[in-house]
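S.K.: Structure file input.cif, mmCIF, C-alpha atoms, is pasted below:
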data_target
loop_
_atom_site.group_PDB
_atom_site.id
_atom_site.type_symbol
_atom_site.label_atom_id
_atom_site.label_comp_id
_atom_site.auth_asym_id
_atom_site.auth_seq_id
_atom_site.Cartn_x
_atom_site.Cartn_y
_atom_site.Cartn_z
ATOM 1 C CA MET Y 1 77.072 121.578 85.265
ATOM 2 C CA THR Y 2 75.699 118.801 83.021
ATOM 3 C CA MET Y 3 79.206 117.319 82.809
ATOM 4 C CA LYS Y 4 79.349 117.199 86.636
ATOM 5 C CA LEU Y 5 75.982 115.422 86.809
ATOM 6 C CA TRP Y 6 77.288 112.728 84.475
ATOM 7 C CA LEU Y 7 80.840 112.454 85.817
ATOM 8 C CA ALA Y 8 80.174 109.141 87.602
ATOM 9 C CA GLY Y 9 78.484 107.812 84.442
ATOM 10 C CA ILE Y 10 81.442 108.878 82.307
ATOM 11 C CA THR Y 11 83.843 107.286 84.826
ATOM 12 C CA GLY Y 12 81.925 104.016 84.608
ATOM 13 C CA LEU Y 13 81.904 104.147 80.823
ATOM 14 C CA VAL Y 14 85.670 104.760 80.711
ATOM 15 C CA ILE Y 15 86.329 101.890 83.160
ATOM 16 C CA GLY Y 16 84.217 99.503 81.035
ATOM 17 C CA ILE Y 17 85.959 100.431 77.783
ATOM 18 C CA LEU Y 18 89.452 100.308 79.358
ATOM 19 C CA ALA Y 19 88.707 96.893 80.888
ATOM 20 C CA ALA Y 20 87.638 95.555 77.486
ATOM 21 C CA ALA Y 21 90.678 97.114 75.763
ATOM 22 C CA ALA Y 22 93.098 95.673 78.331
ATOM 23 C CA GLN Y 23 91.699 92.178 77.776
ATOM 24 C CA ALA Y 24 91.556 92.499 73.990
ATOM 25 C CA PHE Y 25 94.968 94.069 73.376
ATOM 26 C CA ALA Y 26 97.112 93.809 76.546
ATOM 27 C CA ASN Y 27 96.595 90.101 77.338
ATOM 28 C CA VAL Y 28 94.950 90.651 80.742
ATOM 29 C CA GLU Y 29 93.221 87.238 80.517
ATOM 30 C CA PRO Y 30 92.272 84.448 81.303
ATOM 31 C CA PRO Y 31 89.788 84.419 82.964
ATOM 32 C CA GLU Y 32 87.236 86.492 81.062
ATOM 33 C CA ALA Y 33 86.545 90.158 81.980
ATOM 34 C CA TYR Y 34 89.457 90.084 84.411
ATOM 35 C CA ALA Y 35 91.150 93.407 83.588
ATOM 36 C CA VAL Y 36 89.409 95.399 86.325
ATOM 37 C CA CYS Y 37 88.642 93.693 89.631
ATOM 38 C CA MET Y 38 89.407 95.283 92.963
ATOM 39 C CA VAL Y 39 89.328 91.965 94.811
ATOM 40 C CA CYS Y 40 91.191 89.698 92.365
ATOM 41 C CA HIS Y 41 93.947 92.191 91.440
ATOM 42 C CA PRO Y 42 94.930 93.148 95.004
ATOM 43 C CA ALA Y 43 94.825 89.378 95.667
ATOM 44 C CA THR Y 44 97.505 88.795 92.994
ATOM 45 C CA ILE Y 45 99.864 91.087 94.957
ATOM 46 C CA VAL Y 46 99.210 89.096 98.140
ATOM 47 C CA GLN Y 47 99.481 85.733 96.304
ATOM 48 C CA TRP Y 48 102.738 86.804 94.629
ATOM 49 C CA LEU Y 49 104.236 87.935 97.954
ATOM 50 C CA MET Y 50 103.071 84.723 99.675
ATOM 51 C CA ASN Y 51 104.566 82.533 96.945
ATOM 52 C CA ASN Y 52 107.861 84.429 96.809
ATOM 53 C CA TYR Y 53 108.443 85.108 100.513
ATOM 54 C CA LEU Y 54 106.378 82.523 102.454
ATOM 55 C CA GLY Y 55 107.014 79.617 100.081
ATOM 56 C CA THR Y 56 103.316 78.902 99.403
ATOM 57 C CA GLN Y 57 102.084 77.538 96.049
ATOM 58 C CA VAL Y 58 98.928 79.621 95.528
ATOM 59 C CA PRO Y 59 98.087 79.504 91.774
ATOM 60 C CA LEU Y 60 98.286 82.911 90.042
ATOM 61 C CA PRO Y 61 96.515 83.967 86.815
ATOM 62 C CA SER Y 62 98.897 83.465 83.866
ATOM 63 C CA ALA Y 63 99.166 87.222 83.174
ATOM 64 C CA PHE Y 64 100.570 87.902 86.652
ATOM 65 C CA VAL Y 65 102.889 84.973 87.379
ATOM 66 C CA LEU Y 66 106.128 86.940 86.856
ATOM 67 C CA PHE Y 67 104.896 90.156 88.431
ATOM 68 C CA PRO Y 68 101.568 90.963 90.159
ATOM 69 C CA SER Y 69 98.878 93.349 88.909
ATOM 70 C CA LEU Y 70 99.478 97.001 89.766
ATOM 71 C CA LEU Y 71 95.820 98.062 89.464
ATOM 72 C CA ALA Y 72 95.474 98.842 93.190
ATOM 73 C CA VAL Y 73 98.801 100.734 93.181
ATOM 74 C CA GLY Y 74 97.641 102.740 90.156
ATOM 75 C CA ILE Y 75 94.329 103.598 91.832
ATOM 76 C CA VAL Y 76 96.164 104.873 94.915
ATOM 77 C CA ILE Y 77 98.562 106.964 92.762
ATOM 78 C CA GLY Y 78 95.709 108.328 90.596
ATOM 79 C CA SER Y 79 93.429 109.275 93.464
ATOM 80 C CA MET Y 80 96.291 110.760 95.502
ATOM 81 C CA SER Y 81 97.284 113.004 92.603
ATOM 82 C CA ALA Y 82 93.626 114.023 92.005
ATOM 83 C CA ALA Y 83 93.126 114.781 95.700
ATOM 84 C CA ASN Y 84 96.416 116.695 95.872
ATOM 85 C CA ARG Y 85 95.580 118.739 92.776
ATOM 86 C CA ASN Y 86 92.207 119.730 94.227
ATOM 87 C CA GLY Y 87 93.358 120.426 97.782
ATOM 88 C CA GLU Y 88 91.551 117.387 99.234
ATOM 89 C CA LEU Y 89 94.605 115.415 100.362
ATOM 90 C CA GLY Y 90 94.993 115.174 104.126
ATOM 91 C CA TRP Y 91 94.696 112.826 107.092
ATOM 92 C CA ARG Y 92 91.113 112.608 108.419
ATOM 93 C CA ARG Y 93 90.776 110.833 111.765
ATOM 94 C CA HIS Y 94 87.769 108.790 112.877
ATOM 95 C CA PRO Y 95 86.433 107.576 116.258
ATOM 96 C CA GLY Y 96 88.031 104.398 117.628
ATOM 97 C CA LYS Y 97 85.064 102.017 117.250
ATOM 98 C CA LYS Y 98 84.490 102.958 113.603
ATOM 99 C CA LYS Y 99 88.134 102.197 112.756
ATOM 100 C CA TYR Y 100 88.007 98.710 114.241
ATOM 101 C CA MET Y 101 84.689 97.955 112.567
ATOM 102 C CA ALA Y 102 86.319 99.034 109.288
ATOM 103 C CA VAL Y 103 89.045 96.386 109.774
ATOM 104 C CA LEU Y 104 86.350 93.758 110.298
ATOM 105 C CA PHE Y 105 84.341 94.855 107.246
ATOM 106 C CA GLY Y 106 87.489 94.840 105.090
ATOM 107 C CA PHE Y 107 88.299 91.305 106.257
ATOM 108 C CA ILE Y 108 84.765 90.022 105.554
ATOM 109 C CA ILE Y 109 84.495 91.723 102.155
ATOM 110 C CA ALA Y 110 87.847 90.322 100.962
ATOM 111 C CA ASN Y 111 86.692 86.792 101.804
ATOM 112 C CA LEU Y 112 83.228 87.196 100.258
ATOM 113 C CA GLY Y 113 84.697 88.865 97.155
ATOM 114 C CA LEU Y 114 87.141 86.011 96.613
ATOM 115 C CA LEU Y 115 84.311 83.504 97.161
ATOM 116 C CA VAL Y 116 82.314 85.216 94.387
ATOM 117 C CA ALA Y 117 85.541 85.576 92.321
ATOM 118 C CA GLY Y 118 85.002 89.259 91.745
ATOM 119 C CA CYS Y 119 84.290 92.681 93.168
ATOM 120 C CA PRO Y 120 81.087 94.534 92.135
ATOM 121 C CA LEU Y 121 83.020 96.010 89.165
ATOM 122 C CA ARG Y 122 83.955 92.609 87.743
ATOM 123 C CA ILE Y 123 80.432 91.310 88.367
ATOM 124 C CA GLY Y 124 79.143 94.200 86.196
ATOM 125 C CA LEU Y 125 81.780 93.531 83.523
ATOM 126 C CA LEU Y 126 80.868 89.825 83.430
ATOM 127 C CA VAL Y 127 77.202 90.763 82.983
ATOM 128 C CA SER Y 128 78.358 92.841 79.977
ATOM 129 C CA TYR Y 129 80.261 89.742 78.823
ATOM 130 C CA GLY Y 130 76.940 87.877 78.651
ATOM 131 C CA SER Y 131 77.419 85.633 81.689
ATOM 132 C CA VAL Y 132 74.170 84.165 83.055
ATOM 133 C CA THR Y 133 75.934 83.134 86.289
ATOM 134 C CA TYR Y 134 77.062 86.670 87.028
ATOM 135 C CA THR Y 135 73.679 88.133 86.061
ATOM 136 C CA ILE Y 136 72.201 85.984 88.850
ATOM 137 C CA LEU Y 137 75.053 87.030 91.154
ATOM 138 C CA LEU Y 138 74.416 90.721 90.344
ATOM 139 C CA ALA Y 139 70.780 90.206 91.381
ATOM 140 C CA ALA Y 140 72.015 88.611 94.630
ATOM 141 C CA LEU Y 141 74.445 91.520 95.197
ATOM 142 C CA VAL Y 142 71.671 94.084 94.689
ATOM 143 C CA GLY Y 143 69.485 92.007 97.032
ATOM 144 C CA GLY Y 144 72.207 92.214 99.691
ATOM 145 C CA ILE Y 145 72.464 95.984 99.216
ATOM 146 C CA GLY Y 146 68.666 96.220 99.548
ATOM 147 C CA LEU Y 147 68.756 94.199 102.785
ATOM 148 C CA ALA Y 148 71.412 96.524 104.207
ATOM 149 C CA CYS Y 149 69.295 99.561 103.282
ATOM 150 C CA VAL Y 150 66.243 98.033 105.016
ATOM 151 C CA TYR Y 151 68.422 97.347 108.078
ATOM 152 C CA LEU Y 152 69.709 100.943 108.087
ATOM 153 C CA ARG Y 153 66.145 102.298 107.815
ATOM 154 C CA LEU Y 154 64.947 100.097 110.703
ATOM 155 C CA ARG Y 155 67.934 101.118 112.831
ATOM 156 C CA GLU Y 156 67.134 104.799 112.196
ATOM 157 C CA GLU Y 157 63.548 104.313 113.332
ATOM 158 C CA MET I 158 104.894 92.797 81.382
ATOM 159 C CA VAL I 159 102.364 94.427 79.002
ATOM 160 C CA ALA I 160 99.516 93.260 81.251
ATOM 161 C CA VAL I 161 101.215 94.641 84.379
ATOM 162 C CA THR I 162 101.835 98.034 82.726
ATOM 163 C CA ALA I 163 98.242 98.105 81.424
ATOM 164 C CA THR I 164 96.840 97.511 84.915
ATOM 165 C CA LEU I 165 99.022 100.316 86.333
ATOM 166 C CA VAL I 166 97.857 102.799 83.667
ATOM 167 C CA ILE I 167 94.192 101.763 84.023
ATOM 168 C CA GLY I 168 94.541 102.042 87.792
ATOM 169 C CA ILE I 169 95.849 105.614 87.568
ATOM 170 C CA VAL I 170 92.939 106.603 85.275
ATOM 171 C CA ILE I 171 90.342 104.902 87.532
ATOM 172 C CA GLY I 172 91.932 106.453 90.626
ATOM 173 C CA TYR I 173 91.926 109.957 89.168
ATOM 174 C CA LEU I 174 88.379 109.793 87.775
ATOM 175 C CA GLY I 175 87.122 107.880 90.819
ATOM 176 C CA GLN I 176 88.374 110.583 93.181
ATOM 177 C CA ARG I 177 86.789 113.380 91.158
ATOM 178 C CA SER I 178 83.442 111.621 90.559
ATOM 179 C CA ARG I 179 83.064 109.720 93.919
ATOM 180 C CA PHE I 180 82.422 106.598 91.765
ATOM 181 C CA CYS I 181 81.267 103.654 93.882
ATOM 182 C CA SER I 182 79.713 100.484 92.505
ATOM 183 C CA ILE I 183 77.847 99.770 95.763
ATOM 184 C CA GLY I 184 76.980 103.399 96.540
ATOM 185 C CA GLY I 185 74.918 103.712 93.342
ATOM 186 C CA PHE I 186 72.366 101.105 94.416
ATOM 187 C CA ARG I 187 72.536 102.223 98.087
ATOM 188 C CA ASP I 188 71.790 105.873 97.262
ATOM 189 C CA TYR I 189 68.975 104.879 94.918
ATOM 190 C CA PHE I 190 67.325 102.632 97.539
ATOM 191 C CA LEU I 191 67.739 105.113 100.387
ATOM 192 C CA VAL I 192 67.192 108.551 98.804
ATOM 193 C CA ARG I 193 66.324 107.866 95.129
ATOM 194 C CA ASP I 194 69.568 109.572 94.019
ATOM 195 C CA THR I 195 70.743 108.203 90.644
ATOM 196 C CA TYR I 196 74.105 110.030 90.317
ATOM 197 C CA LEU I 197 76.325 107.076 91.350
ATOM 198 C CA LEU I 198 73.994 104.517 89.781
ATOM 199 C CA LYS I 199 74.756 106.087 86.400
ATOM 200 C CA GLY I 200 78.386 105.077 87.045
ATOM 201 C CA TYR I 201 77.519 101.394 87.364
ATOM 202 C CA LEU I 202 75.229 101.509 84.324
ATOM 203 C CA GLY I 203 78.008 103.307 82.437
ATOM 204 C CA LEU I 204 80.409 100.507 83.413
ATOM 205 C CA MET I 205 78.115 97.837 81.986
ATOM 206 C CA VAL I 206 77.404 99.814 78.797
ATOM 207 C CA GLY I 207 81.120 100.578 78.325
ATOM 208 C CA GLY I 208 82.003 96.929 78.933
ATOM 209 C CA ALA I 209 79.389 95.600 76.498
ATOM 210 C CA VAL I 210 80.319 98.091 73.759
ATOM 211 C CA GLY I 211 84.033 97.515 74.377
ATOM 212 C CA PHE I 212 83.938 93.704 74.386
ATOM 213 C CA LEU I 213 81.733 93.572 71.286
ATOM 214 C CA GLY I 214 83.645 96.296 69.424
ATOM 215 C CA PHE I 215 87.110 94.929 70.219
ATOM 216 C CA LYS I 216 86.018 91.388 69.317
ATOM 217 C CA LEU I 217 84.871 92.681 65.913
ATOM 218 C CA MET I 218 88.248 94.445 65.585
ATOM 219 C CA GLY I 219 90.037 91.110 66.154
ATOM 220 C CA GLY I 220 91.009 91.577 69.816
ATOM 221 C CA ALA I 221 91.392 88.681 72.268
ATOM 222 C CA VAL I 222 87.817 88.518 73.578
ATOM 223 C CA SER I 223 87.475 84.760 73.980
ATOM 224 C CA ASN I 224 84.167 82.963 74.731
ATOM 225 C CA PHE I 225 82.121 86.142 74.191
ATOM 226 C CA PRO I 226 79.230 86.014 75.019
ATOM 227 C CA LEU I 227 79.616 83.570 77.915
ATOM 228 C CA GLY I 228 75.919 82.576 78.003
ATOM 229 C CA MET I 229 74.845 79.644 80.221
ATOM 230 C CA ASP I 230 78.109 79.240 82.132
ATOM 231 C CA LEU I 231 76.526 77.859 85.318
ATOM 232 C CA PRO I 232 78.969 76.227 87.774
ATOM 233 C CA PRO I 233 78.185 73.092 89.868
ATOM 234 C CA ILE I 234 75.297 73.633 92.290
ATOM 235 C CA ALA I 235 77.145 73.635 95.650
ATOM 236 C CA PRO I 236 79.776 76.257 94.724
ATOM 237 C CA PHE I 237 77.042 78.265 92.964
ATOM 238 C CA ILE I 238 74.927 78.420 96.135
ATOM 239 C CA ALA I 239 78.043 79.482 98.053
ATOM 240 C CA MET I 240 78.644 82.216 95.447
ATOM 241 C CA ILE I 241 75.031 83.482 95.709
ATOM 242 C CA VAL I 242 75.278 83.647 99.512
ATOM 243 C CA GLY I 243 78.666 85.360 99.070
ATOM 244 C CA ALA I 244 77.194 87.950 96.684
ATOM 245 C CA ILE I 245 74.339 88.758 99.094
ATOM 246 C CA GLY I 246 76.888 89.141 101.903
ATOM 247 C CA LEU I 247 79.187 91.207 99.681
ATOM 248 C CA GLY I 248 76.338 93.647 98.993
ATOM 249 C CA PHE I 249 75.218 93.784 102.630
ATOM 250 C CA PHE I 250 78.641 94.256 104.229
ATOM 251 C CA SER I 251 79.840 96.683 101.542
ATOM 252 C CA VAL I 252 76.960 99.024 102.446
ATOM 253 C CA MET I 253 77.754 98.632 106.144
ATOM 254 C CA GLY I 254 81.471 99.220 105.437
ATOM 255 C CA GLY I 255 80.782 102.426 103.499
ATOM 256 C CA GLY I 256 81.462 101.464 99.878
ATOM 257 C CA CYS I 257 83.036 99.064 97.405
ATOM 258 C CA PRO I 258 86.755 98.085 97.564
ATOM 259 C CA THR I 259 87.570 100.558 94.745
ATOM 260 C CA ARG I 260 86.018 103.452 96.699
ATOM 261 C CA GLN I 261 87.874 102.387 99.860
ATOM 262 C CA HIS I 262 91.218 102.448 97.991
ATOM 263 C CA VAL I 263 90.409 105.975 96.726
ATOM 264 C CA LEU I 264 89.375 107.175 100.208
ATOM 265 C CA ALA I 265 92.503 105.661 101.778
ATOM 266 C CA ALA I 266 94.664 107.467 99.201
ATOM 267 C CA GLU I 267 92.904 110.755 100.087
ATOM 268 C CA GLY I 268 93.851 110.187 103.736
ATOM 269 C CA LYS I 269 90.641 108.882 105.313
ATOM 270 C CA GLU I 270 91.736 106.931 108.383
ATOM 271 C CA SER I 271 88.820 104.453 108.498
ATOM 272 C CA ALA I 272 89.478 103.499 104.839
ATOM 273 C CA VAL I 273 93.133 102.768 105.698
ATOM 274 C CA PHE I 274 91.928 100.500 108.527
ATOM 275 C CA TYR I 275 89.465 98.892 106.080
ATOM 276 C CA LEU I 276 92.351 98.092 103.724
ATOM 277 C CA ILE I 277 94.385 96.568 106.584
ATOM 278 C CA GLY I 278 91.492 94.172 107.241
ATOM 279 C CA PHE I 279 90.993 93.650 103.504
ATOM 280 C CA TYR I 280 94.565 92.515 102.821
ATOM 281 C CA ILE I 281 94.664 90.344 105.977
ATOM 282 C CA GLY I 282 91.378 88.842 104.724
ATOM 283 C CA ILE I 283 92.975 87.910 101.392
ATOM 284 C CA VAL I 284 95.838 86.075 103.168
ATOM 285 C CA TYR I 285 93.297 84.300 105.415
ATOM 286 C CA PHE I 286 91.223 83.244 102.386
ATOM 287 C CA TYR I 287 94.144 81.584 100.594
ATOM 288 C CA LEU I 288 95.505 79.916 103.723
ATOM 289 C CA THR I 289 92.174 78.529 104.989
ATOM 290 C CA VAL I 290 88.856 79.268 103.234
ATOM 291 C CA SER I 291 89.922 78.224 99.705
ATOM 292 C CA LYS I 292 90.821 74.728 101.006
ATOM 293 C CA PHE I 293 87.287 74.227 102.345
ATOM 294 C CA LEU I 294 85.787 75.468 99.065
ATOM 295 C CA ASP I 295 87.594 72.705 97.156
ATOM 296 C CA LEU I 296 85.463 70.237 99.137
ATOM 297 C CA LEU I 297 82.251 71.744 97.655
ATOM 298 C CA THR I 298 83.147 71.138 93.999
ATOM 299 C CA PRO I 299 82.101 67.409 93.811
ATOM 300 C CA PHE I 300 78.487 68.212 94.851
ATOM 301 C CA THR I 301 76.688 68.690 91.529
ATOM 302 C CA LEU I 302 73.056 68.190 90.483
#
Kindly present the structure from the file in structure tokens form.
M.R.:
Amino acid sequence: MTMKLWLAGITGLVIGILAAAAQAFANVEPPEAYAVCMVCHPATIVQWLMNNYLGTQVPLPSAFVLFPSLLAVGIVIGSMSAANRNGELGWRRHPGKKKYMAVLFGFIIANLGLLVAGCPLRIGLLVSYGSVTYTILLAALVGGIGLACVYLRLREE
Amino acid sequence: MVAVTATLVIGIVIGYLGQRSRFCSIGGFRDYFLVRDTYLLKGYLGLMVGGAVGFLGFKLMGGAVSNFPLGMDLPPIAPFIAMIVGAIGLGFFSVMGGGCPTRQHVLAAEGKESAVFYLIGFYIGIVYFYLTVSKFLDLLTPFTL
């Protein structure tokens, strides 16, 4: 029971340590604290495909010039196997409007994430790395989350 | 190739644990603000503690942890303002979209249709950014204090 209460905390701890280990010993740098980022790493796949098949010259991080990061692929494999093992794998449909709003949110979040140069995970890792810039950006991120919560509360009322 | 393999292995671990724990870096703050639930927030705090311990420990062990700690690494003012606005928007729209990009990848892998649609928009958004937005951002760089 206690283990279940702390499972998210343990997951976060493992992600932080793995991210540090990948940078320290598997050359997933530069830039700093780059080993886990769910905006930048999926972007390397897109950049790599664009450069190789559309003839663009989008600069890639040195670690992923020859082949793109497989972090997103790994996450899909890992979560599929966990869901399959626990009987939670299966297609769940949603109403039409929600689906199309999801496309829009995905589009916006990709652009904002690339503007910030990191997803919320990398922002947290850069705070651990001692970055003042990303400490300010974490405060801004939490502010944005707070604004959304206020909006949701007002909409409910 | 070591870096590529490392990201695949880390991805599988994050995916497996993320599916079991419902880990979401946005959901932690959202749940705390809305219902004072700290379960997911512990995940984000765990990430920062794990990162800090890992970076410091591996640096002491001789690993490649360059420029640690980063300290006052402030960028020029115009891009920095754009980044702050971007971070506020990232937080706002991630709550409205139902979670962080990591959580959406996990949900899509489980078979949630709206998360698959989210990822379609997400990857189109990345292409759009590199073809258009990044060119406008280059114009901001000369504006410094």
S.K.: List every residue of segment 166-189 of chain I that has an atom at most 10 Å from any atom of segment 259-262 of chain I, giving for each one its closest atom pair and the distance in Å to one decimal, counting only C-alpha atoms, sorted by chain and then by ascending residue number, as a Markdown table.
M.R.:
| residue | atom | partner | partner_atom | distance |
| --- | --- | --- | --- | --- |
| I:Gly168 | CA | I:Thr259 | CA | 10.0 |
| I:Ile171 | CA | I:Thr259 | CA | 8.9 |
| I:Gly172 | CA | I:Thr259 | CA | 8.4 |
| I:Gly175 | CA | I:Arg260 | CA | 7.4 |
| I:Gln176 | CA | I:Arg260 | CA | 8.3 |
| I:Arg179 | CA | I:Arg260 | CA | 7.5 |
| I:Phe180 | CA | I:Arg260 | CA | 6.9 |
| I:Cys181 | CA | I:Arg260 | CA | 5.5 |
| I:Ser182 | CA | I:Arg260 | CA | 8.1 |
| I:Ile183 | CA | I:Arg260 | CA | 9.0 |
| I:Gly184 | CA | I:Arg260 | CA | 9.0 |
S.K.: Could you tell me how far atom CA of Ala160 of chain I sits from atom CA of Val28 of chain Y, in Å to one decimal place?
M.R.: 5.3 Å
S.K.: By how many Å are atom CA of Thr11 of chain Y and atom CA of Val159 of chain I apart?
M.R.: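 Straight-line distance from atom CA of Thr11 of chain Y to atom CA of Val159 of chain I works out to 23.3 Å.
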S.K.: Tell me which protein, DNA and RNA residues are within 10 Å of Tyr196 of chain I, counting all atoms listed in the file, leaving out same-chain ones fewer than 5 positions away, and put them as a PyMOL selection string.
M.R.: (chain Y and resi 4-9) or (chain I and resi 178-180+184-186+188-189+201)
S.K.: Please provide the set of residues having any atom within 6 Å of Ile17 of chain Y, restricted to all atoms listed in the file, with same-chain residues fewer than 2 positions apart removed, written as a PyMOL selection string.
M.R.: (chain Y and resi 14-15+19-20) or (chain I and resi 207-208+211)
S.K.: Just how far from atom CA of Glu270 of chain I is atom CA of Ala163 of chain I, in Å to one decimal?
M.R.: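 Computing the Euclidean distance for atom CA of Ala163 of chain I and atom CA of Glu270 of chain I yields 29.1 Å.
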S.K.: Please evaluate the PyMOL selection byres ((chain I and resi 284) around 10) against the displayed coordinates and give the resulting residues as a VMD selection string.
M.R.: (chain Y and resid 43 46 to 47 50 107 110 to 111) or (chain I and resid 279 to 283 285 to 290)
S.K.: Using only C-alpha atoms, can you tell me which of Y:Gly130, Y:Gly96, Y:Pro30, Y:Pro59 comes closest to chain I?
M.R.: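 Checking each of Y:Gly130, Y:Gly96, Y:Pro30, Y:Pro59 against chain I, counting only C-alpha atoms, the winner is Y:Gly130.
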S.K.: Counting all atoms listed in the file, which residue out of I:Ala239, I:Leu217, I:Ile245, I:Met158 sits closest to chain Y?
M.R.: I:Ile245
S.K.: Find the residue from I:Leu198, I:Ala221, I:Ala209, I:Leu227 that sits nearest to Val132 of chain Y; use all atoms listed in the file when measuring.
M.R.: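 Once distances to Val132 of chain Y are computed over all atoms listed in the file, the minimum belongs to I:Leu227.
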S.K.: As a check of understanding, name the residues that the PyMOL selection byres ((chain I and resi 244) around 12) selects in the supplied structure, as JSON, numbers by chain.
M.R.: {"Y": [108, 109, 110, 111, 112, 113, 114, 115, 116, 117, 118, 119, 120, 123, 133, 134, 135, 136, 137, 138, 139, 140, 141, 142, 143, 144, 145], "I": [183, 237, 238, 239, 240, 241, 242, 243, 245, 246, 247, 248, 249, 250, 251]}
S.K.: May I ask which of the residues I:Gly203, I:Pro236, I:Gly219, I:Gly255 is the closest one to chain Y, counting all atoms listed in the file?
M.R.: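 Nearest to chain Y: I:Gly203.
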S.K.: Using all atoms listed in the file, give me every residue within 12 Å of (97.4, 114.4, 100.2) in file coordinates, as a PyMOL selection string.
M.R.: (chain Y and resi 76-92) or (chain I and resi 263-269)
S.K.: Give me the residues within 8 Å of Ser62 of chain Y as a count of residues only, counting all atoms listed in the file and dropping any in the same chain fewer than 2 places off.
M.R.: 5
S.K.: Mind checking which residues fall within 9 Å of Val166 of chain I, counting all atoms listed in the file, ignoring those fewer than 4 positions away in the same chain, and posting them as an MDAnalysis selection string?
M.R.: (chainID Y and resid 70:71 74:75) or (chainID I and resid 161:162 170:171)
S.K.: Which one of Y:Val103, Y:Val39, Y:Lys97, Y:Thr56 sits closest to chain I if you count all atoms listed in the file?
M.R.: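 Once distances to chain I are computed over all atoms listed in the file, the minimum belongs to Y:Val103.
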S.K.: Tell me which of Y:Tyr151, Y:Phe105, Y:Tyr34, Y:Tyr129 sits closest to Ala63 of chain Y, counting all atoms listed in the file.
M.R.: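 That would be Y:Tyr34, the residue with the smallest distance to Ala63 of chain Y.
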S.K.: Take segment 275-286 of chain I, bring it up to N, CA, C and O atoms, and give me the output as a short mmCIF file (atom, residue, chain, number, x, y, z; two decimals), keeping the file's coordinate frame.
M.R.:
data_model
loop_
_atom_site.label_atom_id
_atom_site.label_comp_id
_atom_site.auth_asym_id
_atom_site.auth_seq_id
_atom_site.Cartn_x
_atom_site.Cartn_y
_atom_site.Cartn_z
N TYR I 275 90.22 99.84 106.93
CA TYR I 275 89.46 98.89 106.08
C TYR I 275 90.44 98.09 105.22
O TYR I 275 90.35 96.87 105.12
N LEU I 276 91.40 98.78 104.61
CA LEU I 276 92.35 98.09 103.72
C LEU I 276 93.27 97.14 104.50
O LEU I 276 93.66 96.10 103.97
N ILE I 277 93.58 97.49 105.75
CA ILE I 277 94.38 96.57 106.58
C ILE I 277 93.61 95.25 106.74
O ILE I 277 94.15 94.17 106.51
N GLY I 278 92.33 95.36 107.10
CA GLY I 278 91.49 94.17 107.24
C GLY I 278 91.32 93.45 105.92
O GLY I 278 91.33 92.22 105.87
N PHE I 279 91.20 94.21 104.85
CA PHE I 279 90.99 93.65 103.50
C PHE I 279 92.18 92.77 103.08
O PHE I 279 92.00 91.63 102.64
N TYR I 280 93.39 93.28 103.26
CA TYR I 280 94.56 92.52 102.82
C TYR I 280 94.85 91.34 103.76
O TYR I 280 95.30 90.28 103.29
N ILE I 281 94.55 91.49 105.06
CA ILE I 281 94.66 90.34 105.98
C ILE I 281 93.63 89.29 105.57
O ILE I 281 93.91 88.09 105.57
N GLY I 282 92.44 89.75 105.16
CA GLY I 282 91.38 88.84 104.72
C GLY I 282 91.78 88.02 103.51
O GLY I 282 91.45 86.84 103.41
N ILE I 283 92.52 88.64 102.59
CA ILE I 283 92.98 87.91 101.39
C ILE I 283 93.94 86.79 101.80
O ILE I 283 93.82 85.65 101.32
N VAL I 284 94.89 87.10 102.70
CA VAL I 284 95.84 86.08 103.17
C VAL I 284 95.06 84.94 103.83
O VAL I 284 95.30 83.75 103.55
N TYR I 285 94.10 85.30 104.69
CA TYR I 285 93.30 84.30 105.42
C TYR I 285 92.56 83.39 104.43
O TYR I 285 92.52 82.18 104.58
N PHE I 286 91.98 84.01 103.37
CA PHE I 286 91.22 83.24 102.39
C PHE I 286 92.10 82.17 101.74
O PHE I 286 91.71 81.01 101.65
#
